[in-house]
file protein16.cif (mmCIF, C-alpha atoms (C1' of nucleotides))
data_start
#
loop_
_atom_site.group_PDB
_atom_site.id
_atom_site.type_symbol
_atom_site.label_atom_id
_atom_site.label_comp_id
_atom_site.auth_asym_id
_atom_site.auth_seq_id
_atom_site.Cartn_x
_atom_site.Cartn_y
_atom_site.Cartn_z
ATOM 1 C CA MET L 14 2.312 21.611 -0.367
ATOM 2 C CA ASP L 15 -0.900 23.593 -0.273
ATOM 3 C CA ASP L 16 -4.465 22.566 0.457
ATOM 4 C CA LEU L 17 -5.035 21.407 -3.125
ATOM 5 C CA ASP L 18 -2.030 19.092 -2.867
ATOM 6 C CA ARG L 19 -3.397 17.661 0.360
ATOM 7 C CA ARG L 20 -6.763 16.949 -1.280
ATOM 8 C CA ILE L 21 -5.035 15.289 -4.244
ATOM 9 C CA VAL L 22 -3.001 13.139 -1.845
ATOM 10 C CA GLY L 23 -6.242 12.292 -0.059
ATOM 11 C CA CYS L 24 -7.711 10.962 -3.319
ATOM 12 C CA LEU L 25 -4.591 8.937 -4.053
ATOM 13 C CA LEU L 26 -4.557 7.454 -0.546
ATOM 14 C CA ARG L 27 -8.055 6.130 -1.208
ATOM 15 C CA ASN L 28 -7.238 4.944 -4.715
ATOM 16 C CA ALA L 29 -3.756 5.270 -6.144
ATOM 17 C CA ARG L 30 -4.988 4.105 -9.545
ATOM 18 C CA ALA L 31 -7.551 6.867 -9.923
ATOM 19 C CA THR L 32 -7.190 8.710 -13.232
ATOM 20 C CA PHE L 33 -6.017 12.310 -13.219
ATOM 21 C CA ALA L 34 -9.421 13.321 -14.596
ATOM 22 C CA GLU L 35 -11.227 11.627 -11.677
ATOM 23 C CA ILE L 36 -8.992 13.367 -9.167
ATOM 24 C CA GLY L 37 -9.406 16.622 -11.041
ATOM 25 C CA GLU L 38 -13.174 16.420 -10.810
ATOM 26 C CA GLU L 39 -12.962 15.967 -7.044
ATOM 27 C CA VAL L 40 -10.602 18.884 -6.512
ATOM 28 C CA SER L 41 -11.929 21.067 -9.371
ATOM 29 C CA LEU L 42 -8.850 20.978 -11.562
ATOM 30 C CA SER L 43 -8.142 19.811 -15.098
ATOM 31 C CA ALA L 44 -6.428 16.465 -15.584
ATOM 32 C CA PRO L 45 -3.104 17.961 -16.765
ATOM 33 C CA ALA L 46 -3.050 20.318 -13.791
ATOM 34 C CA VAL L 47 -3.477 17.354 -11.452
ATOM 35 C CA LYS L 48 -0.761 15.415 -13.253
ATOM 36 C CA ARG L 49 1.666 18.318 -12.933
ATOM 37 C CA ARG L 50 1.024 18.501 -9.190
ATOM 38 C CA VAL L 51 1.343 14.738 -8.704
ATOM 39 C CA ASP L 52 4.584 14.719 -10.722
ATOM 40 C CA ARG L 53 5.902 17.503 -8.521
ATOM 41 C CA LEU L 54 4.894 15.657 -5.326
ATOM 42 C CA VAL L 55 6.714 12.536 -6.558
ATOM 43 C CA ALA L 56 9.801 14.514 -7.632
ATOM 44 C CA SER L 57 9.983 16.333 -4.295
ATOM 45 C CA GLY L 58 9.743 13.066 -2.365
ATOM 46 C CA THR L 59 6.449 13.916 -0.671
ATOM 47 C CA ILE L 60 4.944 10.947 -2.477
ATOM 48 C CA ARG L 61 7.433 8.139 -1.907
ATOM 49 C CA GLY L 62 5.649 5.632 -4.112
ATOM 50 C CA PHE L 63 2.470 3.901 -5.145
ATOM 51 C CA THR L 64 1.605 0.566 -3.670
ATOM 52 C CA VAL L 65 -1.103 -1.987 -3.173
ATOM 53 C CA LEU L 66 -2.783 -3.142 0.033
ATOM 54 C CA ILE L 67 -2.772 -6.919 0.297
ATOM 55 C CA ASP L 68 -4.921 -8.991 2.617
ATOM 56 C CA PRO L 69 -2.118 -10.461 4.797
ATOM 57 C CA ALA L 70 -4.163 -13.592 5.493
ATOM 58 C CA VAL L 71 -4.096 -14.497 1.799
ATOM 59 C CA LEU L 72 -0.308 -14.484 1.748
ATOM 60 C CA GLY L 73 -0.442 -16.821 4.718
ATOM 61 C CA TRP L 74 1.600 -14.503 6.942
ATOM 62 C CA GLN L 75 -0.867 -14.286 9.770
ATOM 63 C CA THR L 76 1.323 -14.424 12.852
ATOM 64 C CA GLU L 77 2.476 -11.071 14.088
ATOM 65 C CA ALA L 78 4.541 -9.922 17.049
ATOM 66 C CA TYR L 79 6.097 -6.818 18.527
ATOM 67 C CA VAL L 80 9.536 -7.495 19.962
ATOM 68 C CA GLU L 81 11.567 -5.280 22.245
ATOM 69 C CA ILE L 82 15.291 -5.661 21.584
ATOM 70 C CA TYR L 83 17.828 -5.184 24.360
ATOM 71 C CA CYS L 84 21.433 -4.956 23.139
ATOM 72 C CA LYS L 85 24.714 -5.564 24.880
ATOM 73 C CA GLY L 86 26.185 -2.203 25.823
ATOM 74 C CA THR L 87 25.462 0.666 23.456
ATOM 75 C CA VAL L 88 24.758 0.226 19.778
ATOM 76 C CA SER L 89 24.289 2.775 17.005
ATOM 77 C CA PRO L 90 20.922 3.001 15.233
ATOM 78 C CA GLY L 91 22.775 2.381 11.959
ATOM 79 C CA ASP L 92 24.216 -0.940 13.144
ATOM 80 C CA LEU L 93 20.862 -1.931 14.536
ATOM 81 C CA ARG L 94 19.179 -1.174 11.239
ATOM 82 C CA ARG L 95 21.717 -3.255 9.322
ATOM 83 C CA SER L 96 21.265 -6.184 11.712
ATOM 84 C CA LEU L 97 17.487 -6.107 11.462
ATOM 85 C CA GLU L 98 17.303 -5.522 7.726
ATOM 86 C CA ALA L 99 18.938 -8.907 7.243
ATOM 87 C CA VAL L 100 15.810 -10.560 8.644
ATOM 88 C CA PRO L 101 13.028 -10.440 6.029
ATOM 89 C CA GLU L 102 10.303 -11.137 8.590
ATOM 90 C CA VAL L 103 11.020 -7.736 10.144
ATOM 91 C CA VAL L 104 8.443 -5.369 8.631
ATOM 92 C CA GLY L 105 9.155 -2.427 10.904
ATOM 93 C CA ALA L 106 11.648 -1.279 13.487
ATOM 94 C CA CYS L 107 12.373 1.849 15.475
ATOM 95 C CA THR L 108 14.495 2.996 18.356
ATOM 96 C CA VAL L 109 12.411 3.947 21.367
ATOM 97 C CA SER L 110 12.467 5.701 24.705
ATOM 98 C CA GLY L 111 12.737 3.528 27.816
ATOM 99 C CA SER L 112 15.135 0.705 28.514
ATOM 100 C CA ALA L 113 14.712 -1.238 25.270
ATOM 101 C CA ASP L 114 17.018 -0.332 22.383
ATOM 102 C CA ALA L 115 14.484 -1.024 19.655
ATOM 103 C CA LEU L 116 10.915 -2.084 19.028
ATOM 104 C CA VAL L 117 10.614 -4.474 16.120
ATOM 105 C CA HIS L 118 7.471 -5.494 14.251
ATOM 106 C CA VAL L 119 7.711 -9.084 12.963
ATOM 107 C CA LEU L 120 5.377 -10.857 10.535
ATOM 108 C CA ALA L 121 5.532 -14.613 9.956
ATOM 109 C CA SER L 122 3.457 -17.417 8.527
ATOM 110 C CA ASP L 123 2.872 -19.182 11.850
ATOM 111 C CA VAL L 124 4.229 -19.407 15.380
ATOM 112 C CA ARG L 125 6.957 -21.826 14.299
ATOM 113 C CA HIS L 126 8.121 -19.409 11.592
ATOM 114 C CA LEU L 127 7.919 -16.510 14.057
ATOM 115 C CA GLU L 128 10.145 -18.386 16.485
ATOM 116 C CA GLN L 129 12.723 -18.942 13.753
ATOM 117 C CA ALA L 130 12.702 -15.234 12.915
ATOM 118 C CA LEU L 131 13.152 -14.348 16.600
ATOM 119 C CA GLU L 132 16.093 -16.742 16.781
ATOM 120 C CA ARG L 133 17.679 -15.039 13.799
ATOM 121 C CA ILE L 134 17.215 -11.657 15.469
ATOM 122 C CA ARG L 135 18.691 -12.931 18.742
ATOM 123 C CA ASP L 136 21.648 -14.493 16.937
ATOM 124 C CA GLU L 137 22.804 -11.088 15.741
ATOM 125 C CA HIS L 138 26.035 -10.365 17.561
ATOM 126 C CA ASN L 139 24.848 -7.321 19.479
ATOM 127 C CA VAL L 140 21.469 -8.541 20.803
ATOM 128 C CA ASP L 141 21.430 -9.391 24.494
ATOM 129 C CA HIS L 142 17.836 -10.502 24.879
ATOM 130 C CA THR L 143 14.345 -9.847 23.507
ATOM 131 C CA GLU L 144 10.862 -9.454 24.923
ATOM 132 C CA SER L 145 7.891 -10.253 22.695
ATOM 133 C CA VAL L 146 4.172 -9.721 22.660
ATOM 134 C CA ILE L 147 2.217 -11.764 20.143
ATOM 135 C CA VAL L 148 -0.647 -10.093 18.320
ATOM 136 C CA LEU L 149 -3.940 -11.869 19.016
ATOM 137 C CA SER L 150 -6.188 -9.827 16.739
ATOM 138 C CA ARG L 151 -5.682 -6.694 14.715
ATOM 139 C CA LEU L 152 -8.262 -4.067 15.648
ATOM 140 C CA ILE L 153 -7.256 -1.133 13.468
ATOM 141 C CA ASP L 154 -4.933 -0.759 10.501
ATOM 142 C CA ARG L 155 -4.678 2.761 9.162
ATOM 143 C CA SER L 156 -0.938 2.469 8.687
ATOM 144 C CA ARG L 157 -0.903 4.188 5.295
ATOM 145 C CA THR L 158 -0.682 7.703 6.689
ATOM 146 C CA MET J 28 -3.476 -17.307 -5.977
ATOM 147 C CA ASP J 29 -0.700 -18.988 -7.933
ATOM 148 C CA ASP J 30 2.882 -17.999 -8.522
ATOM 149 C CA LEU J 31 1.949 -15.676 -11.403
ATOM 150 C CA ASP J 32 -0.445 -13.778 -9.113
ATOM 151 C CA ARG J 33 2.282 -13.414 -6.520
ATOM 152 C CA ARG J 34 4.670 -11.971 -9.112
ATOM 153 C CA ILE J 35 1.989 -9.536 -10.304
ATOM 154 C CA VAL J 36 1.334 -8.474 -6.709
ATOM 155 C CA GLY J 37 5.089 -8.036 -6.310
ATOM 156 C CA CYS J 38 5.145 -5.611 -9.243
ATOM 157 C CA LEU J 39 2.182 -3.670 -7.856
ATOM 158 C CA LEU J 40 3.756 -3.457 -4.403
ATOM 159 C CA ARG J 41 6.741 -1.749 -5.999
ATOM 160 C CA ASN J 42 4.611 0.485 -8.214
ATOM 161 C CA ALA J 43 0.836 0.404 -8.050
ATOM 162 C CA ARG J 44 0.606 2.700 -11.077
ATOM 163 C CA ALA J 45 2.567 0.409 -13.378
ATOM 164 C CA THR J 46 0.706 -0.244 -16.614
ATOM 165 C CA PHE J 47 -0.688 -3.704 -17.309
ATOM 166 C CA ALA J 48 1.687 -3.961 -20.251
ATOM 167 C CA GLU J 49 4.705 -3.213 -18.036
ATOM 168 C CA ILE J 50 3.621 -5.817 -15.523
ATOM 169 C CA GLY J 51 2.911 -8.229 -18.339
ATOM 170 C CA GLU J 52 6.423 -7.820 -19.701
ATOM 171 C CA GLU J 53 7.883 -8.659 -16.301
ATOM 172 C CA VAL J 54 5.754 -11.766 -15.787
ATOM 173 C CA SER J 55 5.565 -12.788 -19.464
ATOM 174 C CA LEU J 56 1.864 -12.184 -20.006
ATOM 175 C CA SER J 57 -0.202 -9.944 -22.281
ATOM 176 C CA ALA J 58 -1.757 -6.793 -20.859
ATOM 177 C CA PRO J 59 -5.364 -8.106 -20.916
ATOM 178 C CA ALA J 60 -4.285 -11.285 -19.114
ATOM 179 C CA VAL J 61 -2.662 -9.189 -16.382
ATOM 180 C CA LYS J 62 -5.748 -7.009 -16.116
ATOM 181 C CA ARG J 63 -8.016 -10.038 -15.722
ATOM 182 C CA ARG J 64 -5.839 -11.381 -12.916
ATOM 183 C CA VAL J 65 -5.633 -8.015 -11.153
ATOM 184 C CA ASP J 66 -9.408 -7.569 -11.455
ATOM 185 C CA ARG J 67 -9.882 -11.015 -9.955
ATOM 186 C CA LEU J 68 -7.463 -10.263 -7.101
ATOM 187 C CA VAL J 69 -9.383 -7.066 -6.335
ATOM 188 C CA ALA J 70 -12.788 -8.801 -6.567
ATOM 189 C CA SER J 71 -11.651 -11.629 -4.292
ATOM 190 C CA GLY J 72 -10.352 -9.174 -1.698
ATOM 191 C CA THR J 73 -6.738 -10.275 -1.969
ATOM 192 C CA ILE J 74 -5.931 -6.763 -3.146
ATOM 193 C CA ARG J 75 -7.713 -4.499 -0.692
ATOM 194 C CA GLY J 76 -6.838 -1.296 -2.487
ATOM 195 C CA PHE J 77 -4.260 0.901 -4.136
ATOM 196 C CA THR J 78 -2.608 3.618 -2.154
ATOM 197 C CA VAL J 79 0.237 6.047 -2.035
ATOM 198 C CA LEU J 80 3.191 6.222 0.338
ATOM 199 C CA ILE J 81 3.572 9.692 1.811
ATOM 200 C CA ASP J 82 6.647 11.041 3.542
ATOM 201 C CA PRO J 83 5.173 11.466 7.060
ATOM 202 C CA ALA J 84 7.554 14.328 7.808
ATOM 203 C CA VAL J 85 5.978 16.418 5.037
ATOM 204 C CA LEU J 86 2.549 16.122 6.618
ATOM 205 C CA GLY J 87 4.132 17.260 9.848
ATOM 206 C CA TRP J 88 3.087 14.165 11.790
ATOM 207 C CA GLN J 89 6.501 13.168 13.032
ATOM 208 C CA THR J 90 5.882 12.097 16.602
ATOM 209 C CA GLU J 91 5.124 8.450 17.020
ATOM 210 C CA ALA J 92 4.460 6.221 20.002
ATOM 211 C CA TYR J 93 3.446 2.693 20.875
ATOM 212 C CA VAL J 94 1.035 2.572 23.791
ATOM 213 C CA GLU J 95 0.024 -0.438 25.847
ATOM 214 C CA ILE J 96 -3.592 -0.144 27.006
ATOM 215 C CA TYR J 97 -4.706 -1.730 30.273
ATOM 216 C CA CYS J 98 -8.487 -1.849 30.728
ATOM 217 C CA LYS J 99 -10.645 -2.093 33.806
ATOM 218 C CA GLY J 100 -11.859 -5.700 34.104
ATOM 219 C CA THR J 101 -12.405 -7.536 30.835
ATOM 220 C CA VAL J 102 -13.320 -5.817 27.600
ATOM 221 C CA SER J 103 -14.311 -7.262 24.223
ATOM 222 C CA PRO J 104 -12.076 -6.610 21.213
ATOM 223 C CA GLY J 105 -15.107 -5.089 19.481
ATOM 224 C CA ASP J 106 -15.639 -2.474 22.204
ATOM 225 C CA LEU J 107 -11.934 -1.752 22.270
ATOM 226 C CA ARG J 108 -11.896 -1.221 18.519
ATOM 227 C CA ARG J 109 -14.857 1.184 18.705
ATOM 228 C CA SER J 110 -13.186 3.179 21.489
ATOM 229 C CA LEU J 111 -9.900 3.479 19.631
ATOM 230 C CA GLU J 112 -11.389 4.202 16.215
ATOM 231 C CA ALA J 113 -12.813 7.397 17.667
ATOM 232 C CA VAL J 114 -9.258 8.724 18.048
ATOM 233 C CA PRO J 115 -7.919 9.726 14.626
ATOM 234 C CA GLU J 116 -4.306 9.752 15.822
ATOM 235 C CA VAL J 117 -4.525 5.967 16.287
ATOM 236 C CA VAL J 118 -3.067 4.460 13.111
ATOM 237 C CA GLY J 119 -2.952 0.871 14.325
ATOM 238 C CA ALA J 120 -4.147 -1.262 17.178
ATOM 239 C CA CYS J 121 -4.185 -4.924 18.125
ATOM 240 C CA THR J 122 -4.948 -7.128 21.074
ATOM 241 C CA VAL J 123 -1.846 -8.862 22.385
ATOM 242 C CA SER J 124 -0.588 -11.629 24.610
ATOM 243 C CA GLY J 125 0.673 -10.671 28.068
ATOM 244 C CA SER J 126 -0.956 -8.426 30.635
ATOM 245 C CA ALA J 127 -1.819 -5.499 28.372
ATOM 246 C CA ASP J 128 -5.202 -5.559 26.629
ATOM 247 C CA ALA J 129 -4.061 -3.789 23.500
ATOM 248 C CA LEU J 130 -1.035 -2.300 21.783
ATOM 249 C CA VAL J 131 -1.827 0.950 20.006
ATOM 250 C CA HIS J 132 0.265 2.785 17.436
ATOM 251 C CA VAL J 133 -0.220 6.553 17.653
ATOM 252 C CA LEU J 134 0.957 9.225 15.217
ATOM 253 C CA ALA J 135 0.867 12.927 16.062
ATOM 254 C CA SER J 136 2.354 16.204 14.918
ATOM 255 C CA ASP J 137 4.443 16.782 18.037
ATOM 256 C CA VAL J 138 4.758 15.703 21.671
ATOM 257 C CA ARG J 139 2.029 18.111 22.742
ATOM 258 C CA HIS J 140 -0.381 16.664 20.170
ATOM 259 C CA LEU J 141 0.648 13.129 21.164
ATOM 260 C CA GLU J 142 -0.161 13.894 24.791
ATOM 261 C CA GLN J 143 -3.624 15.131 23.804
ATOM 262 C CA ALA J 144 -4.253 11.939 21.855
ATOM 263 C CA LEU J 145 -3.135 9.836 24.830
ATOM 264 C CA GLU J 146 -5.516 11.781 27.052
ATOM 265 C CA ARG J 147 -8.372 11.073 24.681
ATOM 266 C CA ILE J 148 -7.491 7.360 24.730
ATOM 267 C CA ARG J 149 -7.302 7.345 28.545
ATOM 268 C CA ASP J 150 -10.621 9.175 28.830
ATOM 269 C CA GLU J 151 -12.440 6.303 27.163
ATOM 270 C CA HIS J 152 -14.634 4.752 29.837
ATOM 271 C CA ASN J 153 -12.955 1.334 29.904
ATOM 272 C CA VAL J 154 -9.263 2.315 29.965
ATOM 273 C CA ASP J 155 -7.564 1.866 33.325
ATOM 274 C CA HIS J 156 -4.076 3.082 32.471
ATOM 275 C CA THR J 157 -1.580 3.217 29.604
ATOM 276 C CA GLU J 158 2.123 2.644 29.169
ATOM 277 C CA SER J 159 3.902 4.380 26.278
ATOM 278 C CA VAL J 160 7.189 4.181 24.482
ATOM 279 C CA ILE J 161 8.006 7.098 22.209
ATOM 280 C CA VAL J 162 9.687 6.373 18.892
ATOM 281 C CA LEU J 163 13.073 8.062 18.663
ATOM 282 C CA SER J 164 13.961 7.088 15.094
ATOM 283 C CA ARG J 165 12.372 4.785 12.573
ATOM 284 C CA LEU J 166 14.898 2.209 11.358
ATOM 285 C CA ILE J 167 12.793 0.098 8.996
ATOM 286 C CA ASP J 168 9.398 0.584 7.400
ATOM 287 C CA ARG J 169 8.291 -2.288 5.217
ATOM 288 C CA SER J 170 4.746 -2.125 6.566
ATOM 289 C CA ARG J 171 3.024 -2.502 3.205
ATOM 290 C CA THR J 172 3.099 -6.266 3.151
ATOM 291 C "C1'" DG A 10 -6.698 25.388 -18.948
ATOM 292 C "C1'" DT A 11 -7.102 23.634 -23.676
ATOM 293 C "C1'" DT A 12 -5.856 20.729 -27.519
ATOM 294 C "C1'" DG A 13 -4.239 16.658 -30.048
ATOM 295 C "C1'" DA A 14 -1.135 12.884 -30.876
ATOM 296 C "C1'" DA A 15 0.581 8.710 -28.631
ATOM 297 C "C1'" DA A 16 -0.166 5.275 -25.130
ATOM 298 C "C1'" DA A 17 -2.899 2.519 -22.081
ATOM 299 C "C1'" DG A 18 -7.234 0.438 -20.770
ATOM 300 C "C1'" DT A 19 -10.876 -2.611 -21.959
ATOM 301 C "C1'" DG A 20 -14.206 -5.890 -24.018
ATOM 302 C "C1'" DA A 21 -15.077 -9.327 -27.744
ATOM 303 C "C1'" DA A 22 -13.921 -12.892 -30.629
ATOM 304 C "C1'" DC A 23 -10.619 -16.410 -31.083
ATOM 305 C "C1'" DT A 24 -7.176 -20.247 -29.882
ATOM 306 C "C1'" DC A 25 -4.989 -23.626 -27.172
ATOM 307 C "C1'" DG A 26 -4.462 -27.164 -23.466
ATOM 308 C "C1'" DC F 12 -14.109 -24.545 -19.993
ATOM 309 C "C1'" DG F 13 -10.482 -21.948 -17.901
ATOM 310 C "C1'" DA F 14 -6.731 -19.031 -19.210
ATOM 311 C "C1'" DG F 15 -3.912 -16.587 -22.783
ATOM 312 C "C1'" DT F 16 -3.736 -13.910 -27.085
ATOM 313 C "C1'" DT F 17 -4.737 -10.735 -30.745
ATOM 314 C "C1'" DC F 18 -7.498 -7.014 -32.339
ATOM 315 C "C1'" DA F 19 -10.618 -3.201 -32.525
ATOM 316 C "C1'" DC F 20 -12.215 0.722 -29.947
ATOM 317 C "C1'" DT F 21 -12.427 3.930 -25.945
ATOM 318 C "C1'" DT F 22 -10.188 6.431 -22.465
ATOM 319 C "C1'" DT F 23 -6.199 8.386 -20.468
ATOM 320 C "C1'" DT F 24 -1.829 10.367 -20.501
ATOM 321 C "C1'" DC F 25 1.183 13.993 -21.486
ATOM 322 C "C1'" DA F 26 3.673 17.574 -23.972
ATOM 323 C "C1'" DA F 27 2.946 21.768 -26.643
ATOM 324 C "C1'" DC F 28 0.486 25.749 -26.729
#

call {"tool": "encode", "arguments": {"input": "protein16.cif", "output": "structure tokens"}}
result
Amino acid sequence: MDDLDRRIVGCLLRNARATFAEIGEEVSLSAPAVKRRVDRLVASGTIRGFTVLIDPAVLGWQTEAYVEIYCKGTVSPGDLRRSLEAVPEVVGACTVSGSADALVHVLASDVRHLEQALERIRDEHNVDHTESVIVLSRLIDRSRT
Amino acid sequence: MDDLDRRIVGCLLRNARATFAEIGEEVSLSAPAVKRRVDRLVASGTIRGFTVLIDPAVLGWQTEAYVEIYCKGTVSPGDLRRSLEAVPEVVGACTVSGSADALVHVLASDVRHLEQALERIRDEHNVDHTESVIVLSRLIDRSRT
DNA sequence: GTTGAAAAGTGAACTCG
DNA sequence: CGAGTTCACTTTTCAAC
């Protein structure tokens, strides 16, 4: 992972469908040289995949919340992950410092749908209670590294 | 945005560099038909762009926090966005329900770097105080809608 | 980095409801 | 007419050098 790799990744972050020749022009490399580096970055796991950015409003999933999960007693991160993965509305989750066991990012079509997702999360055997903040407006989204 | 579009978007979410022919095979369409639909989705803004998923650990930005921002008096979302956009470590931000004015997602190389970013956020003229939780481990990341 | 064969992208003309 | 298809033609990929 040298500086050239970083510049190639920078191009791909902006447009993952750029041709190798286009990237090569920007970083002063031939198309095959770029391809070899990209292949290596994919093989090594540095590049985990190529994806598309969708306007969430179009999919109709406009209601967003961050939910702090408090579990009964202690719970392993692995168990927590398995519990939360079962709920498709959960788009992100992490264990955090402080008294909460996890912070969960939930995306739903509307408030009604969000409530249903929260109920499903709460119904998991090891969840004691939850504390939610609802997103009013998204100010910044630079989530793709 | 019909069911065919949704299936095409599904393919692109999994692999944004899939060829139109590959996508076409999966959704039972010819390559040019897929291309026309993808072009339309891009033109209409449904597809906001193509990007690459990078292993954050490789870039060395492994320290993550969620920070609640409390401002002095009232502040417009626009001003808040401008303040936060000036801090590159801020990867996401939204206004939220409850007493905090905003919830900010911060990514930094280490705790020291995170602290510097928090200081920069606090130094913005309209920030009263902040409340942070540090991410211990990421359980789920399905952030790319 | 260069070259060349194979594959994919792309626009036009055409066909079907 | 909007949406899909086939077909020619250009560009890109990708493996060998």

call {"tool": "atom_distance", "arguments": {"input": "protein16.cif", "atom1": "CA of His152 (chain J)", "atom2": "CA of Trp88 (chain J)"}}
result
27.0 Å

call {"tool": "atom_distance", "arguments": {"input": "protein16.cif", "atom1": "CA of Thr46 (chain J)", "atom2": "CA of Ser71 (chain J)"}}
result
20.8 Å

call {"tool": "atom_distance", "arguments": {"input": "protein16.cif", "atom1": "CA of Ala127 (chain J)", "atom2": "CA of Glu146 (chain J)"}}
result
17.7 Å

call {"tool": "residues_near_point", "arguments": {"input": "protein16.cif", "point": "(7.5, -20.8, 13.6)", "cutoff": "12 Å", "atoms": "only C-alpha atoms (C1' of nucleotides)", "output": "ChimeraX atom specification"}}
result
/L:74-78,102,119-133

call {"tool": "closest_atom_pairs", "arguments": {"input": "protein16.cif", "of": "region 56-129 of chain J", "to": "region 14-22 of chain A", "cutoff": "12 Å", "atoms": "only C-alpha atoms (C1' of nucleotides)", "output": "CSV"}}
result
residue,atom,partner,partner_atom,distance
J:Ala58,CA,A:DG18,C1',9.1
J:Pro59,CA,A:DT19,C1',7.9
J:Ala60,CA,A:DT19,C1',11.3
J:Val61,CA,A:DG18,C1',11.5
J:Lys62,CA,A:DG18,C1',8.9
J:Arg63,CA,A:DT19,C1',10.1
J:Asp66,CA,A:DT19,C1',11.7

call {"tool": "resolve_selection", "arguments": {"input": "protein16.cif", "expression": "the PyMOL selection byres ((chain L and resi 72) around 10)", "output": "list in words"}}
result
Ile67, Asp68, Pro69, Ala70, Val71, Gly73, Trp74, Gln75 and Ser122 of chain L; Met28, Arg33, Thr73 and Thr172 of chain J

call {"tool": "decode", "arguments": {"input": "protein16.cif", "residues": "region 143-155 of chain J", "atoms": "N, CA and C atoms", "output": "mmCIF file, in the first residue's frame"}}
result
data_model
loop_
_atom_site.group_PDB
_atom_site.id
_atom_site.type_symbol
_atom_site.label_atom_id
_atom_site.label_comp_id
_atom_site.auth_asym_id
_atom_site.auth_seq_id
_atom_site.Cartn_x
_atom_site.Cartn_y
_atom_site.Cartn_z
ATOM 1 N N GLN J 143 -7.992 15.330 18.862
ATOM 2 C CA GLN J 143 -7.751 16.555 18.092
ATOM 3 C C GLN J 143 -8.977 16.945 17.283
ATOM 4 N N ALA J 144 -9.604 15.929 16.658
ATOM 5 C CA ALA J 144 -10.794 16.203 15.857
ATOM 6 C C ALA J 144 -11.915 16.748 16.735
ATOM 7 N N LEU J 145 -12.080 16.148 17.932
ATOM 8 C CA LEU J 145 -13.113 16.607 18.854
ATOM 9 C C LEU J 145 -12.853 18.061 19.264
ATOM 10 N N GLU J 146 -11.577 18.369 19.476
ATOM 11 C CA GLU J 146 -11.229 19.750 19.840
ATOM 12 C C GLU J 146 -11.617 20.712 18.732
ATOM 13 N N ARG J 147 -11.344 20.296 17.502
ATOM 14 C CA ARG J 147 -11.694 21.166 16.368
ATOM 15 C C ARG J 147 -13.205 21.362 16.301
ATOM 16 N N ILE J 148 -13.973 20.287 16.577
ATOM 17 C CA ILE J 148 -15.430 20.413 16.561
ATOM 18 C C ILE J 148 -15.875 21.364 17.670
ATOM 19 N N ARG J 149 -15.294 21.200 18.868
ATOM 20 C CA ARG J 149 -15.686 22.030 20.013
ATOM 21 C C ARG J 149 -15.322 23.489 19.784
ATOM 22 N N ASP J 150 -14.213 23.728 19.061
ATOM 23 C CA ASP J 150 -13.766 25.096 18.844
ATOM 24 C C ASP J 150 -14.699 25.898 17.945
ATOM 25 N N GLU J 151 -15.531 25.195 17.186
ATOM 26 C CA GLU J 151 -16.467 25.927 16.325
ATOM 27 C C GLU J 151 -17.321 26.833 17.207
ATOM 28 N N HIS J 152 -17.498 28.052 16.746
ATOM 29 C CA HIS J 152 -18.105 29.118 17.551
ATOM 30 C C HIS J 152 -19.401 28.730 18.248
ATOM 31 N N ASN J 153 -20.235 27.882 17.618
ATOM 32 C CA ASN J 153 -21.576 27.669 18.153
ATOM 33 C C ASN J 153 -21.721 26.390 18.991
ATOM 34 N N VAL J 154 -20.628 25.672 19.223
ATOM 35 C CA VAL J 154 -20.725 24.432 19.998
ATOM 36 C C VAL J 154 -20.546 24.724 21.487
ATOM 37 N N ASP J 155 -21.503 24.307 22.274
ATOM 38 C CA ASP J 155 -21.436 24.502 23.721
ATOM 39 C C ASP J 155 -20.615 23.384 24.356
#
